[in-house]
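As provided, my_file-v4.txt (compact mmCIF, C-alpha atoms) reads as follows.
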# COMPACT_ATOMS: atom_id res chain seq x y z
CA MET A 1 108.99 99.05 99.32
CA ASP A 2 109.17 102.02 101.72
CA VAL A 3 106.73 104.81 100.99
CA GLU A 4 106.64 108.44 102.11
CA ILE A 5 103.46 110.47 101.79
CA ILE A 6 103.79 114.25 101.45
CA THR A 7 100.69 116.41 101.79
CA ILE A 8 100.95 120.05 100.75
CA GLY A 9 98.97 123.09 101.84
CA ASP A 10 98.98 125.85 104.44
CA GLU A 11 95.38 124.92 105.23
CA LEU A 12 96.60 121.55 106.56
CA LEU A 13 99.18 123.11 108.86
CA ILE A 14 96.79 125.60 110.46
CA GLY A 15 94.06 122.98 110.94
CA GLN A 16 91.58 124.59 108.55
CA VAL A 17 91.42 121.33 106.60
CA ILE A 18 91.91 117.85 108.10
CA ASP A 19 94.36 115.61 106.25
CA THR A 20 92.23 112.60 105.38
CA ASN A 21 94.31 111.77 102.30
CA SER A 22 97.23 110.31 104.24
CA ALA A 23 95.01 108.05 106.33
CA TRP A 24 93.21 106.65 103.28
CA MET A 25 96.43 106.21 101.31
CA GLY A 26 98.18 104.50 104.22
CA GLN A 27 95.43 101.92 104.58
CA CYS A 28 95.14 101.35 100.85
CA LEU A 29 98.91 100.95 100.40
CA GLY A 30 99.17 98.60 103.37
CA ASP A 31 96.50 96.35 101.91
CA GLU A 32 98.57 96.10 98.74
CA GLY A 33 101.83 95.23 100.50
CA PHE A 34 103.51 98.65 100.51
CA ARG A 35 104.88 99.97 103.79
CA VAL A 36 104.29 103.64 104.63
CA VAL A 37 107.25 104.67 106.78
CA TRP A 38 107.02 108.47 106.76
CA ARG A 39 104.33 111.11 106.48
CA THR A 40 105.19 114.77 105.95
CA THR A 41 102.99 117.86 105.75
CA VAL A 42 104.45 121.03 104.32
CA GLY A 43 103.05 124.49 103.53
CA ASP A 44 102.89 126.33 100.22
CA VAL A 45 106.51 127.50 100.44
CA GLU A 46 108.94 126.55 97.69
CA GLU A 47 112.00 126.15 99.91
CA ASP A 48 110.15 123.93 102.36
CA MET A 49 108.71 121.83 99.56
CA LEU A 50 112.13 121.37 97.95
CA GLU A 51 113.58 120.24 101.27
CA ALA A 52 110.72 117.79 101.79
CA PHE A 53 111.12 116.33 98.26
CA ASN A 54 114.87 115.95 98.68
CA ARG A 55 114.61 114.26 102.07
CA ALA A 56 111.89 111.91 100.89
CA MET A 57 113.73 110.90 97.72
CA GLN A 58 116.79 110.00 99.79
CA ARG A 59 115.02 107.68 102.22
CA ALA A 60 111.96 106.24 100.46
CA ASP A 61 111.52 104.09 97.36
CA ILE A 62 108.18 105.72 96.57
CA VAL A 63 107.12 109.30 97.31
CA LEU A 64 103.44 110.14 96.95
CA VAL A 65 102.57 113.85 96.95
CA THR A 66 99.07 115.33 97.14
CA GLY A 67 98.00 118.96 96.89
CA GLY A 68 99.11 122.22 95.38
CA ILE A 69 98.47 121.49 91.69
CA GLY A 70 95.26 123.47 91.21
CA PRO A 71 94.80 126.55 88.98
CA THR A 72 95.35 129.30 91.58
CA ASN A 73 98.53 131.22 92.38
CA ASP A 74 99.15 129.42 95.67
CA ASP A 75 99.28 126.07 93.86
CA ILE A 76 103.03 125.88 93.28
CA THR A 77 103.74 122.15 93.52
CA LYS A 78 104.12 121.67 89.76
CA LYS A 79 106.57 124.56 89.40
CA THR A 80 108.53 123.41 92.43
CA LEU A 81 108.78 119.88 91.05
CA CYS A 82 110.16 121.30 87.81
CA LYS A 83 112.81 123.12 89.82
CA TYR A 84 113.63 120.01 91.84
CA PHE A 85 113.97 117.77 88.77
CA GLY A 86 115.67 120.49 86.69
CA CYS A 87 113.21 120.73 83.82
CA GLY A 88 110.81 123.10 82.10
CA MET A 89 107.16 122.72 81.15
CA HIS A 90 105.28 122.18 77.92
CA PHE A 91 101.64 122.30 76.87
CA SER A 92 100.05 118.85 76.66
CA ASP A 93 97.30 118.51 74.08
CA GLU A 94 96.22 115.25 75.66
CA VAL A 95 95.75 116.85 79.07
CA PHE A 96 93.96 119.80 77.49
CA GLU A 97 91.53 117.47 75.75
CA ASN A 98 90.79 115.80 79.09
CA ILE A 99 90.13 119.20 80.68
CA GLN A 100 87.82 120.16 77.83
CA ARG A 101 85.92 116.91 78.17
CA ILE A 102 85.33 117.51 81.88
CA PHE A 103 84.19 121.10 81.31
CA ASN A 104 81.88 120.11 78.45
CA ARG A 105 80.34 117.40 80.60
CA SER A 106 79.36 119.93 83.27
CA ASN A 107 78.49 122.77 80.84
CA ARG A 108 81.13 125.08 82.33
CA LYS A 109 83.24 127.65 80.54
CA MET A 110 87.00 127.26 80.70
CA ASN A 111 89.20 130.22 81.68
CA GLU A 112 92.92 130.85 81.21
CA LEU A 113 93.90 129.59 84.66
CA THR A 114 92.24 126.26 84.02
CA ARG A 115 93.81 126.06 80.55
CA ASN A 116 97.23 126.41 82.21
CA GLN A 117 96.68 123.12 84.00
CA ALA A 118 97.58 121.50 80.67
CA LEU A 119 101.17 122.69 81.25
CA VAL A 120 103.15 119.67 82.47
CA PRO A 121 106.83 119.08 83.41
CA ASP A 122 109.06 117.99 80.51
CA ASN A 123 110.61 114.91 82.08
CA CYS A 124 107.59 113.31 83.74
CA THR A 125 105.09 110.68 82.69
CA VAL A 126 101.61 112.18 82.67
CA VAL A 127 98.85 110.05 84.22
CA GLN A 128 95.46 111.29 83.08
CA ASN A 129 93.05 112.37 85.80
CA ARG A 130 89.68 111.25 84.42
CA VAL A 131 87.70 112.82 87.26
CA GLY A 132 89.41 116.22 87.53
CA THR A 133 91.31 118.86 85.59
CA ALA A 134 94.69 118.64 87.37
CA PRO A 135 96.89 115.93 85.80
CA CYS A 136 98.89 113.45 87.83
CA THR A 137 102.64 113.43 87.15
CA TRP A 138 105.07 110.52 87.61
CA PHE A 139 108.83 111.15 88.01
CA GLU A 140 111.69 108.66 88.33
CA ARG A 141 115.24 109.17 89.57
CA ASP A 142 117.82 106.68 90.85
CA ASN A 143 115.31 103.83 90.84
CA ARG A 144 112.94 105.86 93.02
CA VAL A 145 109.51 107.17 92.09
CA LEU A 146 107.76 110.42 92.96
CA VAL A 147 104.10 110.82 92.04
CA SER A 148 102.24 114.13 92.34
CA MET A 149 98.44 113.96 92.61
CA PRO A 150 95.60 116.40 93.28
CA GLY A 151 94.70 117.06 96.91
CA VAL A 152 90.98 116.68 96.22
CA PRO A 153 90.19 113.37 97.99
CA SER A 154 87.85 112.00 95.30
CA GLU A 155 90.42 112.64 92.56
CA MET A 156 93.31 111.24 94.59
CA LYS A 157 91.34 108.07 95.43
CA TRP A 158 90.40 107.48 91.81
CA LEU A 159 93.99 107.93 90.66
CA MET A 160 95.42 105.72 93.41
CA SER A 161 92.93 102.91 92.82
CA ASN A 162 92.84 102.95 89.04
CA GLU A 163 96.30 104.13 88.02
CA ILE A 164 98.99 104.56 90.65
CA ILE A 165 98.82 101.36 92.71
CA PRO A 166 98.59 99.11 89.61
CA ARG A 167 101.61 100.91 88.11
CA LEU A 168 103.60 100.71 91.36
CA LYS A 169 102.95 96.97 91.66
CA THR A 170 104.19 96.46 88.12
CA ARG A 171 107.15 98.81 88.52
CA PHE A 172 108.48 97.31 91.77
CA ASN A 173 107.33 93.69 91.46
CA GLN A 174 105.97 93.93 95.00
CA ASN A 175 106.40 90.68 96.97
CA LEU A 176 105.73 91.68 100.57
CA PHE A 177 102.56 90.24 102.09
CA ILE A 178 100.88 92.22 104.86
CA ARG A 179 98.05 90.84 106.96
CA HIS A 180 96.15 92.66 109.70
CA GLN A 181 93.86 91.49 112.49
CA THR A 182 91.90 94.10 114.41
CA CYS A 183 90.18 93.60 117.77
CA TRP A 184 87.97 96.09 119.59
CA VAL A 185 88.68 95.95 123.32
CA ALA A 186 86.73 97.45 126.23
CA GLY A 187 87.36 97.60 129.95
CA PHE A 188 90.93 98.96 129.85
CA THR A 189 92.69 102.30 129.63
CA GLU A 190 95.43 102.34 127.02
CA SER A 191 98.21 102.17 129.63
CA ALA A 192 96.47 99.40 131.59
CA LEU A 193 96.07 97.34 128.44
CA ALA A 194 99.72 97.89 127.52
CA ILE A 195 100.75 96.58 130.95
CA LYS A 196 98.43 93.59 130.54
CA LEU A 197 100.03 92.77 127.19
CA THR A 198 103.67 93.40 128.13
CA ASP A 199 104.75 89.74 127.99
CA PHE A 200 102.65 89.12 124.89
CA GLU A 201 104.39 91.94 123.02
CA LYS A 202 107.85 90.77 124.10
CA GLN A 203 107.17 87.33 122.59
CA LEU A 204 105.89 88.59 119.22
CA PRO A 205 107.90 87.47 116.18
CA SER A 206 110.06 90.24 114.72
CA PHE A 207 107.83 90.56 111.66
CA VAL A 208 104.61 91.02 113.68
CA LYS A 209 103.70 94.39 115.20
CA LEU A 210 101.00 95.38 117.68
CA ALA A 211 99.41 98.84 117.55
CA TYR A 212 97.09 100.55 120.04
CA LEU A 213 94.42 102.80 118.51
CA PRO A 214 92.40 104.29 121.39
CA GLN A 215 88.98 105.89 121.17
CA PRO A 216 86.92 107.22 124.07
CA GLY A 217 85.90 104.12 126.01
CA LEU A 218 87.37 101.67 123.50
CA ILE A 219 90.74 100.53 122.18
CA ARG A 220 91.29 99.12 118.74
CA LEU A 221 94.19 96.63 118.78
CA ARG A 222 95.78 95.87 115.42
CA LEU A 223 98.14 92.98 114.77
CA SER A 224 100.15 93.36 111.56
CA ALA A 225 102.36 90.70 109.98
CA TYR A 226 104.87 91.56 107.24
CA ALA A 227 106.22 88.50 105.45
CA GLU A 228 107.63 87.43 102.09
CA LYS A 229 105.27 84.46 101.99
CA GLU A 230 101.53 84.96 102.30
CA GLU A 231 101.02 81.74 104.27
CA GLU A 232 103.63 82.82 106.82
CA ALA A 233 101.75 86.08 107.46
CA ILE A 234 98.38 84.31 107.73
CA VAL A 235 99.65 81.68 110.17
CA ALA A 236 101.43 84.24 112.34
CA ILE A 237 98.32 86.41 112.65
CA ALA A 238 96.15 83.40 113.52
CA GLU A 239 98.57 82.25 116.23
CA GLN A 240 98.84 85.69 117.86
CA ARG A 241 95.09 86.19 117.67
CA GLU A 242 94.54 83.02 119.71
CA LYS A 243 97.05 84.20 122.31
CA LEU A 244 95.26 87.56 122.57
CA HIS A 245 91.97 85.78 123.16
CA ALA A 246 93.48 83.73 125.96
CA ILE A 247 94.81 86.86 127.68
CA LEU A 248 91.88 89.23 127.22
CA ALA A 249 89.01 86.74 127.51
CA GLY A 250 85.67 88.60 127.44
CA ASN A 251 87.17 92.05 126.91
CA ILE A 252 87.40 91.54 123.14
CA LEU A 253 84.13 92.80 121.74
CA VAL A 254 84.44 92.39 117.98
CA GLU A 255 87.17 91.37 115.54
CA GLU A 256 86.60 93.46 112.46
CA ASP A 257 88.38 96.60 111.31
CA LYS A 258 85.11 98.46 110.98
CA VAL A 259 83.70 101.17 113.17
CA ILE A 260 80.74 100.12 115.31
CA GLU A 261 78.17 102.04 113.31
CA VAL A 262 79.19 100.21 110.13
CA GLN A 263 78.99 96.80 111.83
CA ILE A 264 75.54 97.58 113.22
CA GLY A 265 74.36 98.84 109.83
CA GLU A 266 75.41 95.64 108.10
CA ILE A 267 73.53 93.49 110.61
CA LEU A 268 70.41 95.65 110.47
CA ARG A 269 70.36 95.55 106.69
CA GLU A 270 70.93 91.79 106.62
CA LYS A 271 68.14 91.16 109.14
CA HIS A 272 65.79 93.80 107.65
CA LEU A 273 65.59 95.63 110.98
CA HIS A 274 65.14 99.34 111.68
CA ILE A 275 66.71 101.48 114.39
CA GLY A 276 65.88 104.73 116.17
CA THR A 277 67.51 106.79 118.92
CA ALA A 278 66.39 108.67 122.02
CA GLU A 279 69.21 110.90 123.25
CA SER A 280 69.58 113.32 126.10
CA CYS A 281 73.21 113.90 127.15
CA THR A 282 74.59 112.78 123.76
CA GLY A 283 72.49 115.39 121.98
CA GLY A 284 72.01 113.53 118.70
CA HIS A 285 75.60 112.33 118.40
CA ILE A 286 74.55 108.69 118.11
CA ALA A 287 72.15 109.50 115.30
CA GLY A 288 74.98 111.38 113.61
CA MET A 289 77.27 108.35 113.86
CA ILE A 290 74.62 106.07 112.37
CA THR A 291 73.75 108.41 109.51
CA SER A 292 77.43 109.03 108.67
CA VAL A 293 77.34 105.59 107.00
CA ALA A 294 76.32 105.62 103.36
CA GLY A 295 73.03 103.80 102.85
CA SER A 296 71.91 104.21 106.47
CA SER A 297 68.50 105.31 105.21
CA ASP A 298 67.87 101.59 104.66
CA TYR A 299 67.61 101.02 108.40
CA PHE A 300 67.65 104.32 110.35
CA VAL A 301 64.17 105.77 110.82
CA GLY A 302 64.94 108.77 113.01
CA GLY A 303 66.06 110.12 116.36
CA ILE A 304 64.59 112.14 119.21
CA VAL A 305 66.82 114.52 121.16
CA SER A 306 64.88 114.66 124.42
CA TYR A 307 67.09 117.11 126.27
CA SER A 308 64.34 118.40 128.54
CA ASN A 309 62.17 116.40 130.92
CA GLU A 310 59.13 117.82 129.16
CA VAL A 311 60.14 116.19 125.87
CA LYS A 312 61.01 112.96 127.64
CA HIS A 313 57.49 112.89 129.06
CA ARG A 314 55.44 114.39 126.23
CA VAL A 315 57.17 112.73 123.24
CA LEU A 316 58.70 109.54 124.62
CA GLY A 317 56.12 108.81 127.27
CA VAL A 318 58.45 108.79 130.29
CA SER A 319 56.25 109.01 133.38
CA GLU A 320 56.32 112.19 135.44
CA GLU A 321 56.45 110.01 138.53
CA SER A 322 59.72 108.36 137.40
CA LEU A 323 61.25 111.71 136.52
CA SER A 324 60.30 113.12 139.91
CA LYS A 325 61.21 110.08 142.00
CA TYR A 326 64.39 108.86 140.29
CA GLY A 327 65.54 111.84 138.24
CA ALA A 328 66.30 112.06 134.53
CA VAL A 329 69.61 110.25 134.98
CA SER A 330 68.29 106.89 136.11
CA GLN A 331 67.67 103.35 134.97
CA GLU A 332 63.90 103.77 135.12
CA VAL A 333 63.91 106.84 132.90
CA VAL A 334 66.39 105.60 130.30
CA GLU A 335 64.51 102.31 129.90
CA GLN A 336 61.26 104.22 129.38
CA MET A 337 63.06 106.44 126.86
CA VAL A 338 64.25 103.49 124.76
CA ALA A 339 60.80 101.89 124.91
CA GLY A 340 59.27 105.18 123.84
CA ALA A 341 61.67 105.46 120.92
CA THR A 342 60.73 102.06 119.50
CA ARG A 343 57.03 102.89 119.93
CA VAL A 344 57.02 106.46 118.59
CA LEU A 345 59.45 105.76 115.74
CA ASP A 346 57.93 102.33 114.99
CA CYS A 347 61.32 100.58 114.85
CA ASP A 348 62.68 97.18 115.87
CA CYS A 349 65.51 98.43 118.05
CA ALA A 350 66.77 101.61 119.68
CA VAL A 351 69.30 103.08 122.09
CA ALA A 352 68.77 105.77 124.71
CA THR A 353 71.11 107.90 126.82
CA SER A 354 70.59 110.16 129.82
CA GLY A 355 73.45 111.53 131.88
CA VAL A 356 75.60 114.39 133.11
CA ALA A 357 78.01 115.25 130.31
CA GLY A 358 79.59 118.16 132.20
CA PRO A 359 81.49 120.20 132.97
CA GLY A 360 78.74 121.33 135.35
CA GLY A 361 75.50 119.84 136.58
CA GLY A 362 76.90 117.02 138.66
CA THR A 363 75.88 116.15 142.21
CA GLU A 364 77.42 114.03 144.94
CA GLU A 365 75.06 111.21 144.05
CA LYS A 366 75.42 111.66 140.28
CA PRO A 367 78.75 113.33 139.50
CA VAL A 368 79.81 114.58 136.07
CA GLY A 369 80.32 111.63 133.75
CA THR A 370 77.43 109.58 135.15
CA VAL A 371 75.45 108.20 132.21
CA TRP A 372 72.63 105.67 132.04
CA ILE A 373 72.36 103.86 128.72
CA ALA A 374 69.68 101.48 127.47
CA ALA A 375 69.45 99.36 124.34
CA LYS A 376 66.37 97.55 123.15
CA LEU A 377 65.83 94.89 120.49
CA LYS A 378 62.23 93.84 120.12
CA ASP A 379 61.19 92.47 123.56
CA LYS A 380 64.64 92.54 125.17
CA THR A 381 66.01 95.60 126.97
CA VAL A 382 69.39 96.01 128.65
CA SER A 383 70.58 99.02 130.64
CA GLU A 384 73.74 100.00 132.49
CA CYS A 385 75.17 102.92 134.41
CA PHE A 386 78.62 104.24 133.45
CA HIS A 387 80.98 106.71 135.09
CA PHE A 388 83.14 108.13 132.33
CA GLY A 389 84.99 111.22 133.51
CA THR A 390 84.89 115.01 133.62
CA ILE A 391 85.58 116.01 130.00
CA ARG A 392 82.35 116.78 128.15
CA ASP A 393 83.39 115.83 124.60
CA GLN A 394 84.87 112.54 125.74
CA ASN A 395 81.79 111.72 127.81
CA ILE A 396 79.54 112.24 124.80
CA GLN A 397 81.74 110.06 122.58
CA ARG A 398 82.13 107.34 125.20
CA ALA A 399 78.41 107.23 125.87
CA SER A 400 77.71 107.04 122.14
CA ASN A 401 80.21 104.21 121.65
CA MET A 402 78.89 102.22 124.59
CA ALA A 403 75.27 102.64 123.49
CA LEU A 404 76.07 101.22 120.07
CA LEU A 405 78.16 98.43 121.59
CA MET A 406 75.29 97.41 123.85
CA LEU A 407 72.99 97.24 120.85
CA LEU A 408 75.62 95.37 118.81
CA LYS A 409 75.75 92.67 121.52
CA LEU A 410 71.98 92.33 121.45
CA LEU A 411 72.00 91.98 117.67
CA GLU A 412 74.78 89.38 117.72
CA GLU A 413 73.08 87.36 120.46
CA ALA A 414 69.85 87.38 118.50

This entry written out as structure tokens:
Amino acid sequence: MDVEIITIGDELLIGQVIDTNSAWMGQCLGDEGFRVVWRTTVGDVEEDMLEAFNRAMQRADIVLVTGGIGPTNDDITKKTLCKYFGCGMHFSDEVFENIQRIFNRSNRKMNELTRNQALVPDNCTVVQNRVGTAPCTWFERDNRVLVSMPGVPSEMKWLMSNEIIPRLKTRFNQNLFIRHQTCWVAGFTESALAIKLTDFEKQLPSFVKLAYLPQPGLIRLRLSAYAEKEEEAIVAIAEQREKLHAILAGNILVEEDKVIEVQIGEILREKHLHIGTAESCTGGHIAGMITSVAGSSDYFVGGIVSYSNEVKHRVLGVSEESLSKYGAVSQEVVEQMVAGATRVLDCDCAVATSGVAGPGGGTEEKPVGTVWIAAKLKDKTVSECFHFGTIRDQNIQRASNMALLMLLKLLEEA
């Protein structure tokens, strides 16, 4: 079944709010065998919304809409859907009872705008939103389905997981099997990797696709097989995975569709290890990546942003002689930083960075983008110098990724 996702809101178009709903829905639907073919974002304008609904209902079997069904005047999705499907609205006692239950649970007082959320289109099936006040509405026309859900991510996710996907699977008797294999690759630019894999891509079966998902310093390769038989998809992915390994050899770092910080967290928790950070040029970004993972308090003890040489010396114990002789951006200093982090923070492992993020501060010997990185696990320390580029944000992200990758290798080897 082909799916189109429509997200609604001026705030999405002007970049005030990032559309995370589409990304989550796309992954969730793919795992269940539905194929997302189109994604559309439209503002809070009736004519534009009507055009988007009409186009989607002509080309997709399933249209999933999020946003614009709140209690304020700019939330016009429900009214626009009534116009599109040629119907009026009525007051739903069942929806109103759900709204009352939610308000009573949080000891809030309901107002007239919230009460109006119990108004629902006449010719839709109402799907109760047990975690919010805006109901989900399900429309059908010409063997196609349009579902309107709240734009609040937590409400949309609950509805998708508990109501919408189970109903869609029943409604369409879904029989397409989709299997993915993800590989994290280092050592290539996106274009260089594409050239390397030109013959490989040409020989892929028609039902297997290869996608390039680049990040600063890394590329996530995703193989996807779409087949009517599950075994066919599994076998195809396994065969192409082996071919990728033969071509890329040691450039494949890990083979899980998880970001590095999640993979590291799982290993640390399993091995009952604790991690700390000592960051200079990355300015705490690595610590932010680690703590973005729920439950990271199980293994992350803390981080030290040692931006100045004084902090490197006074807090981390980097010798003044090393700072004077080799400079802050050096192997000697970064290795002393990572050792200091494990000592001061009393942790089993750590990463450290020191470099020239840019755009200024570079020298002929150490140009912008020069970064020394060290990783330490118990008695073993590894360090390496990288030359990333001239763009500050990318240098910080690349250095952070490489630091965590170096530690991930140490953890896997151990």

Distance in Å - atom CA of A:Asn251 versus atom CA of A:Val185: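 Going from atom CA of A:Asn251 over to atom CA of A:Val185, I get 5.5 Å.
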
Minimum-distance residue to A:Lys243, chosen among A:Asp199, A:Asp122, A:Glu112, A:Asp48 (using only C-alpha atoms):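 Among A:Asp199, A:Asp122, A:Glu112, A:Asp48, it is A:Asp199 that comes nearest to A:Lys243.
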
Atomic separation - atom CA of A:Ser319 relative to atom CA of A:Val305, Å: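 So the answer is 17.1 Å.
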
Contacts of A:Asp298 within 12 Å, only C-alpha atoms, excl. fewer than 6 positions in-chain, as JSON, numbers by chain: {"A": [265, 266, 267, 268, 269, 270, 271, 272, 273, 274, 275, 290, 291]}

Surrounding residues of stretch 135-147 of chain A excluding itself and chain neighbours under 2 positions, 8 Å, all atoms listed in the file, as a list in words: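 The residues satisfying every condition are Met57, Ala60, Asp61, Ile62, Val63, Leu64, Val65, Val95, Gln117, Ala118, Val120, Pro121, Asn123, Cys124, Thr125, Val126, Val127, Gln128, Asn129, Gly132, Thr133, Met149, Pro150 and Leu159 of chain A.
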
Pairwise distance for atom CA of A:Ile234 and atom CA of A:Trp24, rounded to one decimal in Å: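 Taking atom CA of A:Ile234 and atom CA of A:Trp24, their separation equals 23.4 Å.
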
A:Pro216 surroundings by all atoms listed in the file, 8 Å radius, close-in-sequence under 2 positions cut, as a PDB file with C-alpha atoms, keeping the file's coordinate frame:
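Result saved to part06.pdb:
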ATOM      1  CA  PRO A 214      92.400 104.290 121.390  1.00  0.00           C
ATOM      2  CA  LEU A 218      87.370 101.670 123.500  1.00  0.00           C
ATOM      3  CA  ILE A 219      90.740 100.530 122.180  1.00  0.00           C
ATOM      4  CA  GLN A 394      84.870 112.540 125.740  1.00  0.00           C
ATOM      5  CA  ASN A 395      81.790 111.720 127.810  1.00  0.00           C
ATOM      6  CA  GLN A 397      81.740 110.060 122.580  1.00  0.00           C
ATOM      7  CA  ARG A 398      82.130 107.340 125.200  1.00  0.00           C
ATOM      8  CA  ASN A 401      80.210 104.210 121.650  1.00  0.00           C
TER       9      ASN A 401
END

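Distances from A:Phe177, A:Phe103, A:Phe91, A:Trp184 to A:Leu244 were compared using all atoms listed in the file, and the smallest one belongs to A:Trp184.
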
Residues of stretch 334-364 of chain A that approach stretch 379-382 of chain A to 9 Å or less, counting all atoms listed in the file: could you list each one with the shortest pair of atoms and its distance in Å to one decimal, rows by chain and increasing residue number, as CSV?
residue,atom,partner,partner_atom,distance
A:Glu335,CA,A:Thr381,CA,7.5
A:Val338,CA,A:Thr381,CA,8.4
A:Ala339,CA,A:Thr381,CA,8.4

For A:Pro205: contacts at 10 Å, all atoms listed in the file, fewer than 2 positions along chain excluded, given as a list in words: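 Selected residues are Glu201, Lys202, Gln203, Phe207, Val208, Lys209, Ala225, Ala236 and Gln240 of chain A.
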
Spatial sel., origin (95.8, 94.4, 117.4), limit 12 Å, only C-alpha atoms, listed as a ChimeraX atom specification: /A:179-185,193-194,197,200-201,204,208-214,219-225,237-238,240-245,248,252,254-257

All residues 7 Å or closer to A:Val37, only C-alpha atoms, same chain fewer than 6 positions away omitted, as a list in words: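 Answer for this query is Asp2, Val3 and Glu4 of chain A.
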
Using all atoms listed in the file: which of A:Leu404, A:Ala328, A:Ile165, A:Val333 has the shortest distance to A:Val259: A:Leu404
